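One structure is given below, encoded as structure tokens.
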Amino acid sequence: CELGCPAGYSAGPADLECFACSAGTYKPTSGSGACLACPEHSTHSLLNASSVDACLCAQGFVRAPSWPEPAACDACEAGCRADQKYEQM
């Protein structure tokens, strides 16, 4: 029997209870599926994130024009401002 965890939560061992997605992960749908890791060069500090939009690009990287499909962080090119710890553009 599949445990119906809400978005932002994944099922634990044996599908007995739901656990919040940890920092750096998210789960956009309900169900027993696993939490997904933020794209490469991005993270967040939230618990139970339900969208890839919670993921912020690391210093020196910006969100790719294709965000969120696919979600990716591109290296910041010359003239680009990405001087904060995490940049969301």
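Simple scheme: letters A, B, ... for chains in structure tokens order, numbers from 1 for residues in each chain, numbers from 1 for ligands in the order shown.
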Using DSSP on the backbone coordinates, identify all residues within chain A classified as strand (DSSP E or B); present the result as a ChimeraX atom specification.
/A:9-11,18-20,25-26,36-37,42-43,56-58,61-63,73-75,86-87
Write out as a list of chain:residue names each polymer residue whose atoms come within 10 Å of Cys80 in chain A, counting only C-alpha atoms; drop sequence neighbours fewer than 3 positions from it.
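My list of contacting residues is A:Gly60, A:Phe61, A:Val62, A:Ala75, A:Cys76, A:Glu77, A:Asp83.
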Only all heavy atoms, please: the residues just picked out, written as a compact mmCIF listing (two decimals), in the first residue's frame.
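Now in part05.txt:
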```
# COMPACT_ATOMS: atom_id res chain seq x y z
N GLY A 60 28.70 32.65 -8.01
CA GLY A 60 29.35 32.43 -9.29
C GLY A 60 28.47 31.73 -10.31
O GLY A 60 28.90 31.46 -11.43
N PHE A 61 27.23 31.42 -9.93
CA PHE A 61 26.29 30.73 -10.83
C PHE A 61 24.95 31.47 -10.82
O PHE A 61 24.59 32.10 -9.83
CB PHE A 61 26.07 29.28 -10.39
CG PHE A 61 27.29 28.42 -10.55
CD1 PHE A 61 28.25 28.39 -9.57
CD2 PHE A 61 27.49 27.68 -11.70
CE1 PHE A 61 29.39 27.62 -9.70
CE2 PHE A 61 28.61 26.91 -11.85
CZ PHE A 61 29.58 26.88 -10.85
N VAL A 62 24.24 31.39 -11.92
CA VAL A 62 22.91 32.00 -12.04
C VAL A 62 21.95 30.96 -12.63
O VAL A 62 22.38 30.01 -13.28
CB VAL A 62 22.93 33.27 -12.93
CG1 VAL A 62 23.73 34.37 -12.28
CG2 VAL A 62 23.44 32.96 -14.32
N ALA A 75 27.28 28.84 -15.04
CA ALA A 75 28.38 29.67 -14.55
C ALA A 75 28.12 31.11 -14.96
O ALA A 75 27.62 31.38 -16.06
CB ALA A 75 29.70 29.19 -15.13
N CYS A 76 28.42 32.02 -14.07
CA CYS A 76 28.21 33.43 -14.32
C CYS A 76 29.26 33.93 -15.32
O CYS A 76 30.45 33.71 -15.12
CB CYS A 76 28.32 34.19 -13.00
SG CYS A 76 27.72 35.86 -13.07
N GLU A 77 28.81 34.56 -16.39
CA GLU A 77 29.73 35.07 -17.41
C GLU A 77 30.23 36.45 -17.02
O GLU A 77 29.71 37.08 -16.10
CB GLU A 77 29.01 35.12 -18.75
CG GLU A 77 28.59 33.75 -19.25
CD GLU A 77 27.87 33.79 -20.58
OE1 GLU A 77 27.95 34.83 -21.28
OE2 GLU A 77 27.22 32.80 -20.92
N ASP A 83 27.52 37.88 -6.85
CA ASP A 83 28.51 38.05 -5.79
C ASP A 83 27.98 37.76 -4.39
O ASP A 83 28.68 37.92 -3.41
CB ASP A 83 29.10 39.46 -5.83
CG ASP A 83 28.03 40.55 -5.69
OD1 ASP A 83 26.83 40.21 -5.65
OD2 ASP A 83 28.40 41.72 -5.64
```
Between A:Ala64, A:Ala72, A:Gln59, A:Tyr9, which has the minimum distance to Glu40 in chain A (counting only C-alpha atoms)?
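Using only C-alpha atoms, Glu40 in chain A sits closest to A:Ala72.
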Residues within 9 Å of Phe19 in chain A, only C-alpha atoms, excluding chain neighbours under 2 positions, as a ChimeraX atom specification
/A:5,8-12,17,21-22,48
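Every protein, DNA or RNA residue with an atom at most 7 Å from Ser30 in chain A, where only C-alpha atoms count and chain neighbours fewer than 4 positions away do not, is listed here: A:Gly4, A:Cys5, A:Pro6, A:Ala7.
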Option closest in space to Leu36 in chain A, from A:Pro70, A:Pro13, A:Gly24, A:Pro65 [counting only C-alpha atoms]:
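The shortest atom-to-atom distance to Leu36 in chain A comes from A:Gly24.
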Within 12 Å of Trp67 in chain A, counting only C-alpha atoms, which residues show up once you throw out same-chain ones fewer than 5 positions away? Write them as a list in words, please.
Pro39, Ser51, Val52, Asp53, Cys55, Leu56, Cys57, Val62, Ala72, Cys73, Asp74, Gln88 and Met89 of chain A
Just write the chosen residues, all heavy atoms, as an mmCIF file, in the first residue's frame.
```
data_model
loop_
_atom_site.group_PDB
_atom_site.id
_atom_site.type_symbol
_atom_site.label_atom_id
_atom_site.label_comp_id
_atom_site.auth_asym_id
_atom_site.auth_seq_id
_atom_site.Cartn_x
_atom_site.Cartn_y
_atom_site.Cartn_z
ATOM 1 N N PRO A 39 19.389 21.064 -8.244
ATOM 2 C CA PRO A 39 20.314 20.943 -9.369
ATOM 3 C C PRO A 39 21.757 21.214 -8.938
ATOM 4 O O PRO A 39 22.003 21.873 -7.919
ATOM 5 C CB PRO A 39 19.834 22.028 -10.333
ATOM 6 C CG PRO A 39 18.422 22.293 -9.962
ATOM 7 C CD PRO A 39 18.349 22.053 -8.478
ATOM 8 N N SER A 51 9.143 22.674 -4.179
ATOM 9 C CA SER A 51 9.409 23.188 -5.515
ATOM 10 C C SER A 51 10.902 23.374 -5.732
ATOM 11 O O SER A 51 11.629 23.756 -4.809
ATOM 12 C CB SER A 51 8.696 24.536 -5.710
ATOM 13 O OG SER A 51 9.103 25.142 -6.925
ATOM 14 N N VAL A 52 11.342 23.141 -6.955
ATOM 15 C CA VAL A 52 12.733 23.388 -7.310
ATOM 16 C C VAL A 52 13.070 24.872 -7.165
ATOM 17 O O VAL A 52 14.228 25.251 -7.019
ATOM 18 C CB VAL A 52 13.032 22.863 -8.736
ATOM 19 C CG1 VAL A 52 12.344 23.722 -9.788
ATOM 20 C CG2 VAL A 52 14.535 22.802 -8.996
ATOM 21 N N ASP A 53 12.048 25.720 -7.142
ATOM 22 C CA ASP A 53 12.278 27.159 -6.982
ATOM 23 C C ASP A 53 12.878 27.502 -5.618
ATOM 24 O O ASP A 53 13.401 28.596 -5.436
ATOM 25 C CB ASP A 53 10.989 27.946 -7.206
ATOM 26 C CG ASP A 53 10.596 27.973 -8.676
ATOM 27 O OD1 ASP A 53 11.487 27.875 -9.543
ATOM 28 O OD2 ASP A 53 9.400 28.090 -8.951
ATOM 29 N N CYS A 55 15.483 26.088 -4.531
ATOM 30 C CA CYS A 55 16.924 25.921 -4.733
ATOM 31 C C CYS A 55 17.527 27.218 -5.275
ATOM 32 O O CYS A 55 17.018 27.787 -6.237
ATOM 33 C CB CYS A 55 17.189 24.790 -5.716
ATOM 34 S SG CYS A 55 16.477 23.207 -5.206
ATOM 35 N N LEU A 56 18.594 27.655 -4.638
ATOM 36 C CA LEU A 56 19.275 28.883 -5.038
ATOM 37 C C LEU A 56 20.664 28.548 -5.554
ATOM 38 O O LEU A 56 21.374 27.741 -4.953
ATOM 39 C CB LEU A 56 19.381 29.837 -3.851
ATOM 40 C CG LEU A 56 18.060 30.237 -3.194
ATOM 41 C CD1 LEU A 56 18.315 31.110 -1.976
ATOM 42 C CD2 LEU A 56 17.162 30.945 -4.189
ATOM 43 N N CYS A 57 21.053 29.189 -6.645
ATOM 44 C CA CYS A 57 22.353 28.932 -7.257
ATOM 45 C C CYS A 57 23.478 29.447 -6.351
ATOM 46 O O CYS A 57 23.346 30.484 -5.705
ATOM 47 C CB CYS A 57 22.442 29.592 -8.628
ATOM 48 S SG CYS A 57 21.272 28.890 -9.817
ATOM 49 N N VAL A 62 24.236 31.394 -11.921
ATOM 50 C CA VAL A 62 22.912 31.996 -12.040
ATOM 51 C C VAL A 62 21.955 30.965 -12.626
ATOM 52 O O VAL A 62 22.381 30.013 -13.275
ATOM 53 C CB VAL A 62 22.926 33.272 -12.928
ATOM 54 C CG1 VAL A 62 23.734 34.372 -12.277
ATOM 55 C CG2 VAL A 62 23.435 32.958 -14.315
ATOM 56 N N ALA A 72 18.574 24.365 -13.856
ATOM 57 C CA ALA A 72 20.038 24.282 -13.905
ATOM 58 C C ALA A 72 20.624 25.626 -13.513
ATOM 59 O O ALA A 72 19.982 26.666 -13.671
ATOM 60 C CB ALA A 72 20.494 23.897 -15.306
ATOM 61 N N CYS A 73 21.834 25.593 -13.006
ATOM 62 C CA CYS A 73 22.578 26.813 -12.691
ATOM 63 C C CYS A 73 23.767 26.890 -13.646
ATOM 64 O O CYS A 73 24.548 25.945 -13.744
ATOM 65 C CB CYS A 73 23.070 26.780 -11.248
ATOM 66 S SG CYS A 73 21.740 26.835 -10.032
ATOM 67 N N ASP A 74 23.861 27.999 -14.349
ATOM 68 C CA ASP A 74 24.966 28.215 -15.283
ATOM 69 C C ASP A 74 26.039 29.060 -14.627
ATOM 70 O O ASP A 74 25.744 29.922 -13.791
ATOM 71 C CB ASP A 74 24.470 28.965 -16.530
ATOM 72 C CG ASP A 74 23.559 28.118 -17.405
ATOM 73 O OD1 ASP A 74 23.569 26.878 -17.273
ATOM 74 O OD2 ASP A 74 22.838 28.711 -18.230
ATOM 75 N N GLN A 88 19.490 34.319 -6.765
ATOM 76 C CA GLN A 88 18.253 33.911 -7.424
ATOM 77 C C GLN A 88 17.890 35.000 -8.405
ATOM 78 O O GLN A 88 17.566 36.107 -8.003
ATOM 79 C CB GLN A 88 17.133 33.693 -6.406
ATOM 80 C CG GLN A 88 15.844 33.231 -7.029
ATOM 81 C CD GLN A 88 14.815 32.901 -5.966
ATOM 82 O OE1 GLN A 88 15.092 32.913 -4.779
ATOM 83 N NE2 GLN A 88 13.615 32.615 -6.400
ATOM 84 N N MET A 89 18.010 34.720 -9.669
ATOM 85 C CA MET A 89 17.752 35.750 -10.687
ATOM 86 C C MET A 89 16.505 35.403 -11.474
ATOM 87 O O MET A 89 16.123 34.303 -11.579
ATOM 88 C CB MET A 89 18.925 35.876 -11.636
ATOM 89 C CG MET A 89 20.176 36.338 -10.904
ATOM 90 S SD MET A 89 21.540 36.627 -11.990
ATOM 91 C CE MET A 89 21.214 38.309 -12.448
#
```
Rounded to one decimal, what separation in Å do you get between CA of Leu3 in chain A and CA of Ser50 in chain A?
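Interatomic distance, CA of Leu3 in chain A to CA of Ser50 in chain A: 17.0 Å.
Proximity to Cys38 in chain A was assessed for A:Ala78, A:Asp15, A:Thr25, A:Ala71 counting only C-alpha atoms; the smallest distance is recorded for A:Thr25.
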